[in-house]
Protein chains: 2
Amino acid sequence: MNDKKIHLRERDIPDHWYNLAADLPNALQPPRNPGSLEPLRPEEMTPLFAEALVEQEISSERWIPIPEAVRAAYSVWRPTPMIRATGLEAALETPAEIWYKWEGVSPAGSHKPNSAIPQAYYNAREGVRRLTTETGAGQWGSSLSYACAQFGLACHIYMVRVSFNQKPYRASMMRTWGATVHPSPSDQTETGKRILAEDRDNNGSLGIAISEAVEEALAGEDVHYALGSVLNHVLLHQTVVGQEFRKQMEMVDRWPDVMVGCVGGGSNFGGFAFPFMSEVLDGGKATRFVAVEPAACPTLTRGRIAYDFGDTVGLTPLIRMHTLGSGFMPPGIHTGGLRYHGMAPLVSAAVEQGIVEPIAIGQLDAFAAGLLFARTEGIVPAPEANHAVHGAILEAERCRAESRKEVIAFNLCGHGHMDMSAYDAYLGNQLQDVPHDEQALALALSHLPKVG
Amino acid sequence: MNDKKIHLRERDIPDHWYNLAADLPNALQPPRNPGSLEPLRPEEMTPLFAEALVEQEISSERWIPIPEAVRAAYSVWRPTPMIRATGLEAALETPAEIWYKWEGVSPAGSHKPNSAIPQAYYNAREGVRRLTTETGAGQWGSSLSYACAQFGLACHIYMVRVSFNQKPYRASMMRTWGATVHPSPSDQTETGKRILAEDRDNNGSLGIAISEAVEEALAGEDVHYALGSVLNHVLLHQTVVGQEFRKQMEMVDRWPDVMVGCVGGGSNFGGFAFPFMSEVLDGGKATRFVAVEPAACPTLTRGRIAYDFGDTVGLTPLIRMHTLGSGFMPPGIHTGGLRYHGMAPLVSAAVEQGIVEPIAIGQLDAFAAGLLFARTEGIVPAPEANHAVHGAILEAERCRAESRKEVIAFNLCGHGHMDMSAYDAYLGNQLQDVPHDEQALALALSHLPKVG
């Protein structure tokens with residue numbers, strides 16, 4: 001039989017990260033200080049981030065070396081397998097081959113530790129003793145907790161209160177790795193206290209949780225803040241995924257005709273797709289790159305490219321990206337990891353420059369795809385990953401209609417073990433497609449900051 | 001750096017299962033009909049089990065071929081990695097090497113699909129259209145649901161009601177793979193209805209759930225029953241674990257000085273350890289085999305070897321094994337998979353014949369071990385697997401005290417993603433060691449069936 005899974009050896013864990021900024025036809029535009037509107041200076045970032053991470057954030061070097069200690073920590077679960085979805089192919093009666101990268105084998109269950117590990121490493125190396133962060137669905141918070149345990153850092157997590165209540169197992173996991181988890185808004189920060197004083201039952205939001213984590217980081221001496229997506233250095237770290245996938249495709253003598261990933265902040269999609277782009281940009285290869293977002297939060301398909309805040313309350317620098325407006329509140333879909341008003345500047349630029357095709361799908365299609373995948377391939381995907389599965393299925397159905405034997409590749413970025421209540425809701429016909437509010441979107445877009 | 005994980009290729013998935021019955025110095029004694037007390041005839045088993053499985057159950061052949069379709073289904077997650085616990089070694093400051101087999105990478109999250117897949121395969125091949133089973137903690141029910149989805153079988157699961165309520169995600173997982181899950185006692189069977197009529201709030205037990213699953217299987221034409229541990233054919237299927245581990249040990253030029261596993265029904269321990277035993281029995285190698293059970297349910301360390309029923313209500317044949325008495329009710333520890341009054345006859349025989357050393361530990365030690373493992377190695381183990389981790393830690397501490405550089409091997413049989421509430425209870429100081437009731441044990445043992 002042909003191998004279903006393609007494994008690499010540990011020596012095949014990449015020794016450099018790949019920086020798409022070096023190869024984009026049109027250069028990235030820098031973040032700006034929201035007061036002066038001037039390009040942000042590196043020293044404005046170091047109160048929150050390790051110097052090595054700030055260097056990576058602004059770098060235009062193509063290859064950035066991965067420290068040996070980070071590669072050793074990666075070796076707990078990397079390289080991850082590439083798997084051929086033979087069961088799904090059969091169910092779809094498609095002539096196409098479907099291959100996926102399986103990132104759910106990490107201890108935290110997703111691709112997120114690919115960046116949590118180096119973020120914890122660099123901070124520990126620079127003498128930081130505690131990291132703070134926010135988390136929504138909980139994948140990022142779990143991953144940072146795990147990474148901090150590996151490098152002897154304390155970890156304080158502000159978890160959106162509604163998620164904290166809905167997904168108690170995620171917080172348990174963070175505590176198991178030694179982190180402290182506060183439902184946000186909390187009584188730990190001035191921001192949290194102020195909000196609780198106005199509304200004791202406030203459910204929280206990512207914006208509030210970011211404010212709390214940033215406030216704690218700024219108030220302490222040896223404390224930094226960590227972000228799980230959007231920023232250039234986070235996408236940089238995630239390129240280990242696509243680099244491994246290239247080697248694995250080479251091992252079976254394939255090159256993908258189309259690569260599919262889900263997008264929220266953009267890090268799993270970017271990490272998967274970017275390492276394939278330079279050959280496509282220089283015309284040596286032809287690959288389509290498809291980014292799948294939820295129709296309820298259609299940043300790439302309905303947003304505008306503009307400078308906007310990364311958070312809801314306006315504490316961050318201004319970032320040039322696709323945005324629905326930092327005041328836009330997406331409806332409560334079961335895909336916490338994709339409910340973000342903005343997008344990684346690198347992914348936004350790749351869309352703007354015609355390299356990436358975005359599509360938006362409803363959550364019913366996403367869960368139908370996840371269920372078919374679970375029954376034909378075994379693995380139960382995270383709700384976020386179901387968007388990528390559906391995107392791959394659309395391509396496989398096109399190949400069937402056109403009788404084309406293409407190679408379809410997608411990133412299965414995490415498992416759904418902590419999200420089974422969402423599957424239950426789907427199986428019990430309790431889910432529906434939730435459109436975004438057009439008026440609210442227009443309003444949020446009308447409030448974008450004026451820059452230049 | 002030395003590799004942390006040792007991977008095999010798919011062609012290394014074993015092509016035979018290993019049957020310890022062929023090599024035991026003293027032969028196994030057969031199960032008996034509880035009425036006649038005569039040895040059970042194969043045709044008394046075929047109303048419940050596929051003929052191929054009954055043949056395996058009574059076989060004394062050393063090697064039994066694995067069908068290609070089963071190997072192909074195994075290839076979704078097998079071979080599983082062998083990993084060196086370098087982080088745990090460092091934390092324990094032990095000169096020993098600690099290696100573990102990681103079975104939690106299966107879609108269901110444990111070793112259980114190793115037997116669920118062939119059970120579903122043989123039943124489907126013989127024209128069966130539905131399988132029934134019971135499940136307690138839910139690992140077996142998930143695995144059989146997954147396996148039935150692969151071979152087009154319907155799957156009906158009776159899940160102990162208290163677990164059904166405590167672990168809703170496990171039932172969601174079973175439904176995601178297409179199974180029907182009934183909290184037991186249910187209104188689907190005469191047994192269930194009778195019990196509910198007496199006590200509407202009955203919490204259920206494995207014994208009741210077995211009765212319901214067996215009743216449904218006996219009542220239908222194309223329906224069989226499946227069991228997830230204890231029986232010879234189940235332990236046979238699990239020997240893929242130990243066979244792979246042998247190859248992986250060879251790849252790093254090691255042979256284990258001691259092998260550790262947790263025991264409830266005995267299948268993960270047997271599957272891991274049996275393939276190493278023949279060399280030890282013929283004196284070519286020296287390996288100690290340590291079986292770790294919960295002190296609250298001390299079958300091997302406090303039970304008696306006798307013929308007893310496999311279930312609580314007395315529907316099964318009589319099996320010669322270590323037993324606490326089929327009427328013994330273990331206290332409600334957070335280790336549903338190890339709360340069984342009996343033991344696999346093959347494991348019992350190996351203990352009786354001096355090949356295996358049993359030890360019993362409390363759940364506080366088990367969770368302390370699991371927490372240390374999660375923080376040093378990343379993976380959050382299932383509560384059952386924590387017993388094996390603690391056993392390995394005891395050996396590593398002995399090696400430190402004796403300055404011995406031994407090779408310690410253990411089976412990490414599953415992840416704890418569905419069991420985070422138990423970790424929460426431990427971290428919140430809500431857990432305690434629960435001794436079994438000595439009087440109840442004496443009473444249960446006094447009611448063992450009289451055989452010969």
# chains A, B, ... in the order shown; residues from 1 in each chain; ligands from 1
>>> interface_residues(of="chain B", to="chain A", cutoff="7 Å", atoms="only C-alpha atoms", output="ChimeraX atom specification")
/B:3-4,10,75-76,107,146,149-150,169,172-173,176-177,371,374-376,378-379,417,420-421,423-424
>>> select_by_dssp(residues="stretch 99-332 of chain B", states="strand (DSSP E)", output="ChimeraX atom specification")
/B:99-102,130-135,154-160,180-184,223-225,258-262,288-294,304-309,318-323
>>> residues_around(residues="stretch 199-201 of chain A", least_positions_apart="3", cutoff="12 Å", atoms="only C-alpha atoms", output="list of chain:residue names")
A:Arg161, A:Val162, A:Pro183, A:Ser184, A:Pro185, A:Ser186, A:Asp187, A:Gly192, A:Lys193, A:Arg194, A:Ile195, A:Leu196, A:Gly204
>>> select_by_dssp(residues="stretch 333-386 of chain B", states="helix (DSSP H, G or I)", output="PyMOL selection string")
chain B and resi 336-338+345-352+363-377+383-386
>>> closest_residue(among="A:His387, A:His341, A:Arg41, A:Arg254", to="A:Thr312", atoms="only C-alpha atoms")
A:His341
>>> residues_around(residues="B:Asn114", least_positions_apart="5", cutoff="8 Å", atoms="only C-alpha atoms", output="list of chain:residue names")
B:Tyr74, B:His237, B:Gln238, B:Val240
>>> residues_around(residues="B:Gly414", least_positions_apart="6", cutoff="12 Å", atoms="only C-alpha atoms", output="PyMOL selection string")
chain B and resi 80+100-113+138-140+143+261-262+268+337+370+379-389
>>> write_last_selection(atoms="N, CA and C atoms", output="short mmCIF file (atom, residue, chain, number, x, y, z; two decimals), in the first residue's frame")
data_model
loop_
_atom_site.label_atom_id
_atom_site.label_comp_id
_atom_site.auth_asym_id
_atom_site.auth_seq_id
_atom_site.Cartn_x
_atom_site.Cartn_y
_atom_site.Cartn_z
N THR B 80 2.82 4.41 16.07
CA THR B 80 2.84 5.54 17.00
C THR B 80 4.28 5.80 17.44
N TYR B 100 8.90 6.32 26.46
CA TYR B 100 7.49 5.92 26.50
C TYR B 100 6.91 5.76 25.11
N LYS B 101 5.93 4.87 25.04
CA LYS B 101 5.15 4.68 23.82
C LYS B 101 3.95 5.59 23.92
N TRP B 102 3.67 6.36 22.86
CA TRP B 102 2.61 7.37 22.92
C TRP B 102 1.43 6.94 22.06
N GLU B 103 0.43 6.37 22.73
CA GLU B 103 -0.75 5.83 22.05
C GLU B 103 -1.88 6.86 21.93
N GLY B 104 -1.69 8.05 22.49
CA GLY B 104 -2.76 9.05 22.45
C GLY B 104 -2.94 9.73 21.10
N VAL B 105 -2.11 9.37 20.11
CA VAL B 105 -2.24 10.01 18.79
C VAL B 105 -3.36 9.41 17.94
N SER B 106 -4.01 8.37 18.41
CA SER B 106 -5.13 7.82 17.62
C SER B 106 -6.28 8.82 17.62
N PRO B 107 -7.16 8.75 16.61
CA PRO B 107 -8.28 9.70 16.57
C PRO B 107 -9.12 9.71 17.85
N ALA B 108 -9.28 8.55 18.49
CA ALA B 108 -10.07 8.51 19.71
C ALA B 108 -9.25 8.88 20.94
N GLY B 109 -7.93 8.96 20.81
CA GLY B 109 -7.10 9.48 21.89
C GLY B 109 -6.48 8.45 22.81
N SER B 110 -6.55 7.16 22.45
CA SER B 110 -5.94 6.13 23.29
C SER B 110 -5.61 4.91 22.43
N HIS B 111 -5.13 3.86 23.12
CA HIS B 111 -4.83 2.59 22.46
C HIS B 111 -6.07 1.82 22.04
N LYS B 112 -7.25 2.20 22.51
CA LYS B 112 -8.45 1.37 22.33
C LYS B 112 -8.78 1.05 20.86
N PRO B 113 -8.54 1.99 19.91
CA PRO B 113 -8.86 1.62 18.52
C PRO B 113 -8.06 0.43 17.99
N GLY B 138 -15.53 6.32 28.67
CA GLY B 138 -15.87 6.75 27.31
C GLY B 138 -14.81 6.49 26.27
N GLN B 139 -13.60 6.07 26.69
CA GLN B 139 -12.54 5.81 25.71
C GLN B 139 -12.94 4.68 24.77
N TRP B 140 -13.48 3.62 25.31
CA TRP B 140 -13.83 2.48 24.47
C TRP B 140 -15.02 2.82 23.56
N SER B 143 -13.84 4.84 20.69
CA SER B 143 -13.02 4.06 19.75
C SER B 143 -13.88 3.15 18.89
N GLY B 261 3.12 -0.41 32.95
CA GLY B 261 1.84 -0.02 32.36
C GLY B 261 0.78 0.03 33.43
N CYS B 262 -0.31 0.75 33.17
CA CYS B 262 -1.43 0.73 34.10
C CYS B 262 -2.35 -0.43 33.76
N ASN B 268 -4.03 -2.50 27.74
CA ASN B 268 -2.89 -1.69 27.31
C ASN B 268 -1.59 -2.24 27.88
N GLY B 337 -11.52 4.18 33.70
CA GLY B 337 -11.02 3.06 32.92
C GLY B 337 -10.34 1.97 33.75
N GLY B 370 1.13 12.88 36.88
CA GLY B 370 0.61 13.43 35.62
C GLY B 370 0.94 14.90 35.46
N ILE B 379 2.77 16.71 27.13
CA ILE B 379 1.51 15.97 26.97
C ILE B 379 0.76 15.86 28.30
N VAL B 380 -0.56 16.11 28.26
CA VAL B 380 -1.40 15.91 29.44
C VAL B 380 -1.97 14.50 29.38
N PRO B 381 -1.53 13.60 30.28
CA PRO B 381 -1.96 12.20 30.18
C PRO B 381 -3.38 11.98 30.71
N ALA B 382 -4.02 10.92 30.24
CA ALA B 382 -5.29 10.49 30.83
C ALA B 382 -5.03 10.06 32.27
N PRO B 383 -6.04 10.19 33.14
CA PRO B 383 -5.86 9.77 34.54
C PRO B 383 -5.39 8.32 34.65
N GLU B 384 -5.87 7.46 33.77
CA GLU B 384 -5.42 6.06 33.79
C GLU B 384 -3.91 6.00 33.54
N ALA B 385 -3.47 6.72 32.50
CA ALA B 385 -2.06 6.69 32.12
C ALA B 385 -1.17 7.27 33.23
N ASN B 386 -1.72 8.15 34.06
CA ASN B 386 -0.93 8.71 35.16
C ASN B 386 -0.41 7.62 36.09
N HIS B 387 -1.14 6.50 36.18
CA HIS B 387 -0.66 5.39 37.01
C HIS B 387 0.63 4.82 36.44
N ALA B 388 0.72 4.73 35.14
CA ALA B 388 1.95 4.24 34.51
C ALA B 388 3.08 5.25 34.70
N VAL B 389 2.75 6.55 34.56
CA VAL B 389 3.77 7.59 34.76
C VAL B 389 4.34 7.48 36.17
#
>>> residues_around(residues="B:Arg320", least_positions_apart="4", cutoff="7 Å", atoms="only C-alpha atoms", output="PyMOL selection string")
chain B and resi 29+31+305-308+345
>>> atom_distance(atom1="atom CA of A:Arg400", atom2="atom CA of A:Trp255")
19.1 Å
>>> atom_distance(atom1="atom CA of B:Gly242", atom2="atom CA of B:Trp99")
12.8 Å
>>> residues_around(residues="B:Leu236", least_positions_apart="2", cutoff="6 Å", atoms="only C-alpha atoms", output="JSON, numbers by chain")
{"B": [17, 19, 233, 234, 238, 239]}
>>> closest_residue(among="B:Glu293, B:Glu93, B:Glu190, B:Asp257", to="B:Leu338", atoms="only C-alpha atoms")
B:Glu293
>>> atom_distance(atom1="atom CA of B:Pro358", atom2="atom CA of B:Val260")
9.8 Å
